[in-house]
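Pasted below: start.pdb, PDB, C-alpha atoms.
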MODEL        1
ATOM      1  CA  MET A   1      25.672  28.356  26.719  1.00  0.00           C
ATOM      2  CA  SER A   2      27.336  28.110  30.053  1.00  0.00           C
ATOM      3  CA  SER A   3      26.861  25.319  32.546  1.00  0.00           C
ATOM      4  CA  ALA A   4      25.270  27.834  34.931  1.00  0.00           C
ATOM      5  CA  MET A   5      22.633  28.532  32.305  1.00  0.00           C
ATOM      6  CA  TYR A   6      21.993  24.805  31.877  1.00  0.00           C
ATOM      7  CA  GLU A   7      21.570  24.527  35.623  1.00  0.00           C
ATOM      8  CA  ARG A   8      19.020  27.365  35.599  1.00  0.00           C
ATOM      9  CA  MET A   9      17.113  25.577  32.838  1.00  0.00           C
ATOM     10  CA  ARG A  10      17.150  22.288  34.757  1.00  0.00           C
ATOM     11  CA  ALA A  11      15.932  24.060  37.891  1.00  0.00           C
ATOM     12  CA  ASN A  12      13.031  25.667  36.029  1.00  0.00           C
ATOM     13  CA  PRO A  13       9.673  24.051  36.975  1.00  0.00           C
ATOM     14  CA  LYS A  14       8.696  24.156  33.294  1.00  0.00           C
ATOM     15  CA  PHE A  15      11.697  21.949  32.499  1.00  0.00           C
ATOM     16  CA  LYS A  16      10.531  19.369  35.024  1.00  0.00           C
ATOM     17  CA  GLU A  17       7.036  19.590  33.511  1.00  0.00           C
ATOM     18  CA  LEU A  18       8.472  19.122  30.002  1.00  0.00           C
ATOM     19  CA  VAL A  19      10.497  16.085  31.011  1.00  0.00           C
ATOM     20  CA  SER A  20       7.524  14.573  32.831  1.00  0.00           C
ATOM     21  CA  ARG A  21       4.982  15.156  30.052  1.00  0.00           C
ATOM     22  CA  ARG A  22       7.298  14.078  27.257  1.00  0.00           C
ATOM     23  CA  GLY A  23       8.407  11.000  29.177  1.00  0.00           C
ATOM     24  CA  ARG A  24       4.851   9.956  30.004  1.00  0.00           C
ATOM     25  CA  PHE A  25       3.790  10.408  26.392  1.00  0.00           C
ATOM     26  CA  ALA A  26       6.807   8.520  25.017  1.00  0.00           C
ATOM     27  CA  TRP A  27       6.339   5.623  27.454  1.00  0.00           C
ATOM     28  CA  THR A  28       2.638   5.423  26.601  1.00  0.00           C
ATOM     29  CA  LEU A  29       3.409   5.196  22.896  1.00  0.00           C
ATOM     30  CA  ALA A  30       6.196   2.692  23.539  1.00  0.00           C
ATOM     31  CA  PHE A  31       3.851   0.523  25.599  1.00  0.00           C
ATOM     32  CA  ILE A  32       1.252   0.570  22.810  1.00  0.00           C
ATOM     33  CA  VAL A  33       3.800  -0.352  20.139  1.00  0.00           C
ATOM     34  CA  LEU A  34       5.484  -3.074  22.172  1.00  0.00           C
ATOM     35  CA  SER A  35       2.155  -4.588  23.263  1.00  0.00           C
ATOM     36  CA  MET A  36       0.899  -4.767  19.697  1.00  0.00           C
ATOM     37  CA  PHE A  37       4.164  -6.054  18.278  1.00  0.00           C
ATOM     38  CA  TYR A  38       4.774  -8.718  20.912  1.00  0.00           C
ATOM     39  CA  GLY A  39       1.088  -9.636  20.919  1.00  0.00           C
ATOM     40  CA  PHE A  40       1.379 -10.323  17.200  1.00  0.00           C
ATOM     41  CA  VAL A  41       4.551 -12.357  17.740  1.00  0.00           C
ATOM     42  CA  MET A  42       2.773 -14.389  20.446  1.00  0.00           C
ATOM     43  CA  VAL A  43      -0.113 -15.141  18.099  1.00  0.00           C
ATOM     44  CA  VAL A  44       2.413 -16.233  15.452  1.00  0.00           C
ATOM     45  CA  ALA A  45       4.088 -18.490  18.018  1.00  0.00           C
ATOM     46  CA  PHE A  46       1.017 -20.014  19.663  1.00  0.00           C
ATOM     47  CA  ASN A  47      -1.791 -19.804  17.098  1.00  0.00           C
ATOM     48  CA  PRO A  48      -0.317 -19.405  13.609  1.00  0.00           C
ATOM     49  CA  ALA A  49      -3.359 -21.027  11.984  1.00  0.00           C
ATOM     50  CA  ALA A  50      -5.489 -18.042  13.013  1.00  0.00           C
ATOM     51  CA  LEU A  51      -3.270 -15.722  11.014  1.00  0.00           C
ATOM     52  CA  GLY A  52      -3.334 -18.021   7.999  1.00  0.00           C
ATOM     53  CA  GLN A  53      -7.097 -17.757   7.589  1.00  0.00           C
ATOM     54  CA  PRO A  54      -8.325 -15.781   4.587  1.00  0.00           C
ATOM     55  CA  VAL A  55      -9.939 -12.423   5.354  1.00  0.00           C
ATOM     56  CA  ALA A  56     -12.972 -13.387   3.248  1.00  0.00           C
ATOM     57  CA  GLU A  57     -14.016 -16.570   1.519  1.00  0.00           C
ATOM     58  CA  GLY A  58     -12.023 -16.959  -1.680  1.00  0.00           C
ATOM     59  CA  SER A  59      -9.670 -14.128  -0.745  1.00  0.00           C
ATOM     60  CA  MET A  60      -5.924 -14.473  -1.162  1.00  0.00           C
ATOM     61  CA  LEU A  61      -5.368 -11.944   1.642  1.00  0.00           C
ATOM     62  CA  THR A  62      -4.838 -13.605   5.009  1.00  0.00           C
ATOM     63  CA  VAL A  63      -5.651 -12.282   8.452  1.00  0.00           C
ATOM     64  CA  GLY A  64      -1.938 -12.186   9.302  1.00  0.00           C
ATOM     65  CA  VAL A  65      -1.068  -9.996   6.328  1.00  0.00           C
ATOM     66  CA  ALA A  66      -4.027  -7.691   7.015  1.00  0.00           C
ATOM     67  CA  VAL A  67      -3.077  -7.352  10.693  1.00  0.00           C
ATOM     68  CA  GLU A  68       0.558  -6.657   9.853  1.00  0.00           C
ATOM     69  CA  LEU A  69      -0.445  -4.047   7.273  1.00  0.00           C
ATOM     70  CA  PHE A  70      -2.690  -2.413   9.879  1.00  0.00           C
ATOM     71  CA  MET A  71       0.167  -2.448  12.412  1.00  0.00           C
ATOM     72  CA  PHE A  72       2.556  -0.891   9.892  1.00  0.00           C
ATOM     73  CA  ILE A  73       0.137   1.951   9.149  1.00  0.00           C
ATOM     74  CA  PHE A  74      -0.758   2.337  12.841  1.00  0.00           C
ATOM     75  CA  PHE A  75       2.912   2.594  13.898  1.00  0.00           C
ATOM     76  CA  TRP A  76       3.559   5.262  11.248  1.00  0.00           C
ATOM     77  CA  SER A  77       0.477   7.105  12.500  1.00  0.00           C
ATOM     78  CA  LEU A  78       1.779   6.991  16.078  1.00  0.00           C
ATOM     79  CA  THR A  79       5.069   8.392  14.838  1.00  0.00           C
ATOM     80  CA  ALA A  80       3.191  11.238  13.138  1.00  0.00           C
ATOM     81  CA  VAL A  81       1.252  11.905  16.360  1.00  0.00           C
ATOM     82  CA  TYR A  82       4.494  12.063  18.345  1.00  0.00           C
ATOM     83  CA  VAL A  83       6.163  14.385  15.806  1.00  0.00           C
ATOM     84  CA  LYS A  84       3.129  16.690  15.733  1.00  0.00           C
ATOM     85  CA  ARG A  85       3.030  16.930  19.512  1.00  0.00           C
ATOM     86  CA  ALA A  86       6.803  17.325  19.770  1.00  0.00           C
ATOM     87  CA  ASN A  87       6.847  20.092  17.163  1.00  0.00           C
ATOM     88  CA  SER A  88       4.020  22.001  18.784  1.00  0.00           C
ATOM     89  CA  GLU A  89       3.630  21.428  22.520  1.00  0.00           C
ATOM     90  CA  PHE A  90       7.097  20.208  23.495  1.00  0.00           C
ATOM     91  CA  ASP A  91       9.002  22.660  21.299  1.00  0.00           C
ATOM     92  CA  ALA A  92       6.909  25.586  22.563  1.00  0.00           C
ATOM     93  CA  LEU A  93       7.654  24.625  26.154  1.00  0.00           C
ATOM     94  CA  THR A  94      11.340  24.236  25.326  1.00  0.00           C
ATOM     95  CA  GLN A  95      11.415  27.711  23.781  1.00  0.00           C
ATOM     96  CA  GLU A  96       9.820  29.181  26.916  1.00  0.00           C
ATOM     97  CA  ILE A  97      12.459  27.520  29.089  1.00  0.00           C
ATOM     98  CA  VAL A  98      15.304  28.799  26.924  1.00  0.00           C
ATOM     99  CA  LYS A  99      13.867  32.360  26.827  1.00  0.00           C
ATOM    100  CA  GLU A 100      13.514  32.410  30.614  1.00  0.00           C
ATOM    101  CA  ALA A 101      17.082  31.166  31.021  1.00  0.00           C
ATOM    102  CA  TRP A 102      18.383  33.921  28.669  1.00  0.00           C
ATOM    103  CA  LYS A 103      16.424  36.563  30.594  1.00  0.00           C
ATOM    104  CA  GLU A 104      17.973  35.403  33.865  1.00  0.00           C
ATOM    105  CA  ASN A 105      21.404  35.369  32.246  1.00  0.00           C
ATOM    106  CA  LYS A 106      21.258  39.104  31.390  1.00  0.00           C
TER     107      LYS A 106
ENDMDL
END
What's the structure tokens form of this structure?
Amino acid sequence: MSSAMYERMRANPKFKELVSRRGRFAWTLAFIVLSMFYGFVMVVAFNPAALGQPVAEGSMLTVGVAVELFMFIFFWSLTAVYVKRANSEFDALTQEIVKEAWKENK
């Protein structure tokens, strides 16, 4: 593809929409992940005894291990959500932009 074609794609309003929507979504997910992760680290730093409590009386599973397991599964789930949206919504919009740029090129 030529640089003129890239410029046409960048000038397309759908491209600006794609960048905006994808960026907003990525930053939202990043904020969620970082808040949870650093929140957990802060609890470890300032109240480690809370994480050392058993989940139930007589249980060997602690709150800290349960929370970390939840976070692990939750982060994988967020990744799956991003991939699903990227493969459907974002890829469809990208294909539209590329098709429009090819039409203009002819």
>> Here's the selection I'm unsure about, the PyMOL selection byres ((chain A and resi 12) around 12); applied to the file above, which residues does it give, as a list in words?
In response: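 Checked against the file, the PyMOL selection byres ((chain A and resi 12) around 12) matches Met5, Tyr6, Glu7, Arg8, Met9, Arg10, Ala11, Pro13, Lys14, Phe15, Lys16, Glu17, Leu18, Val19, Leu93, Thr94, Glu96, Ile97, Val98, Lys99, Glu100, Ala101 and Glu104 of chain A.
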Export of the given selection (C-alpha atoms) as an mmCIF file, keeping the file's coordinate frame:
data_model
loop_
_atom_site.group_PDB
_atom_site.id
_atom_site.type_symbol
_atom_site.label_atom_id
_atom_site.label_comp_id
_atom_site.auth_asym_id
_atom_site.auth_seq_id
_atom_site.Cartn_x
_atom_site.Cartn_y
_atom_site.Cartn_z
ATOM 1 C CA MET A 5 22.633 28.532 32.305
ATOM 2 C CA TYR A 6 21.993 24.805 31.877
ATOM 3 C CA GLU A 7 21.570 24.527 35.623
ATOM 4 C CA ARG A 8 19.020 27.365 35.599
ATOM 5 C CA MET A 9 17.113 25.577 32.838
ATOM 6 C CA ARG A 10 17.150 22.288 34.757
ATOM 7 C CA ALA A 11 15.932 24.060 37.891
ATOM 8 C CA PRO A 13 9.673 24.051 36.975
ATOM 9 C CA LYS A 14 8.696 24.156 33.294
ATOM 10 C CA PHE A 15 11.697 21.949 32.499
ATOM 11 C CA LYS A 16 10.531 19.369 35.024
ATOM 12 C CA GLU A 17 7.036 19.590 33.511
ATOM 13 C CA LEU A 18 8.472 19.122 30.002
ATOM 14 C CA VAL A 19 10.497 16.085 31.011
ATOM 15 C CA LEU A 93 7.654 24.625 26.154
ATOM 16 C CA THR A 94 11.340 24.236 25.326
ATOM 17 C CA GLU A 96 9.820 29.181 26.916
ATOM 18 C CA ILE A 97 12.459 27.520 29.089
ATOM 19 C CA VAL A 98 15.304 28.799 26.924
ATOM 20 C CA LYS A 99 13.867 32.360 26.827
ATOM 21 C CA GLU A 100 13.514 32.410 30.614
ATOM 22 C CA ALA A 101 17.082 31.166 31.021
ATOM 23 C CA GLU A 104 17.973 35.403 33.865
#
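Proximity to Met71 in chain A was assessed for A:Ile32, A:Ala26, A:Ala92, A:Val83 counting only C-alpha atoms; the smallest distance is recorded for A:Ile32.
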> Could you state the separation of CA of Leu69 in chain A and CA of Ala30 in chain A in Å, given to one decimal place?
Replying inline: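 Between these atoms lies a distance of 18.8 Å.
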Take every atom of range 31-46 of chain A listed in the file, fit an axis-aligned box around them, add 4 Å per side, and give the centre and edge lengths in Å to one decimal as JSON.
{"center_x": 2.7, "center_y": -9.7, "center_z": 20.5, "size_x": 13.6, "size_y": 28.6, "size_z": 18.1}
>> To one decimal place in Å, what is the distance between CA of Ile73 in chain A and CA of Ala50 in chain A?
In response: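 Calculated distance between CA of Ile73 in chain A and CA of Ala50 in chain A is 21.1 Å.
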> Taking all atoms listed in the file into account, which of A:Val55, A:Val81, A:Asp91, A:Glu68 comes nearest Met36 in chain A?
Replying inline: A:Glu68
>> Could you check the closest approach to Phe72 in chain A for each of A:Phe40, A:Gln53, A:Gln95, A:Ala45 and tell me which residue wins, using only C-alpha atoms?
In response: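 Once distances to Phe72 in chain A are computed over only C-alpha atoms, the minimum belongs to A:Phe40.
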>> Once the PyMOL selection byres ((chain A and resi 82) around 12) is applied to the coordinates I shared, what remains selected? I want it as a list of chain:residue names.
In response: A:Arg22, A:Gly23, A:Arg24, A:Phe25, A:Ala26, A:Trp27, A:Thr28, A:Leu29, A:Ala30, A:Phe75, A:Trp76, A:Ser77, A:Leu78, A:Thr79, A:Ala80, A:Val81, A:Val83, A:Lys84, A:Arg85, A:Ala86, A:Asn87, A:Ser88, A:Glu89, A:Phe90, A:Asp91
> By how many Å are CA of Phe31 in chain A and CA of Phe74 in chain A apart?
Replying inline: 13.7 Å
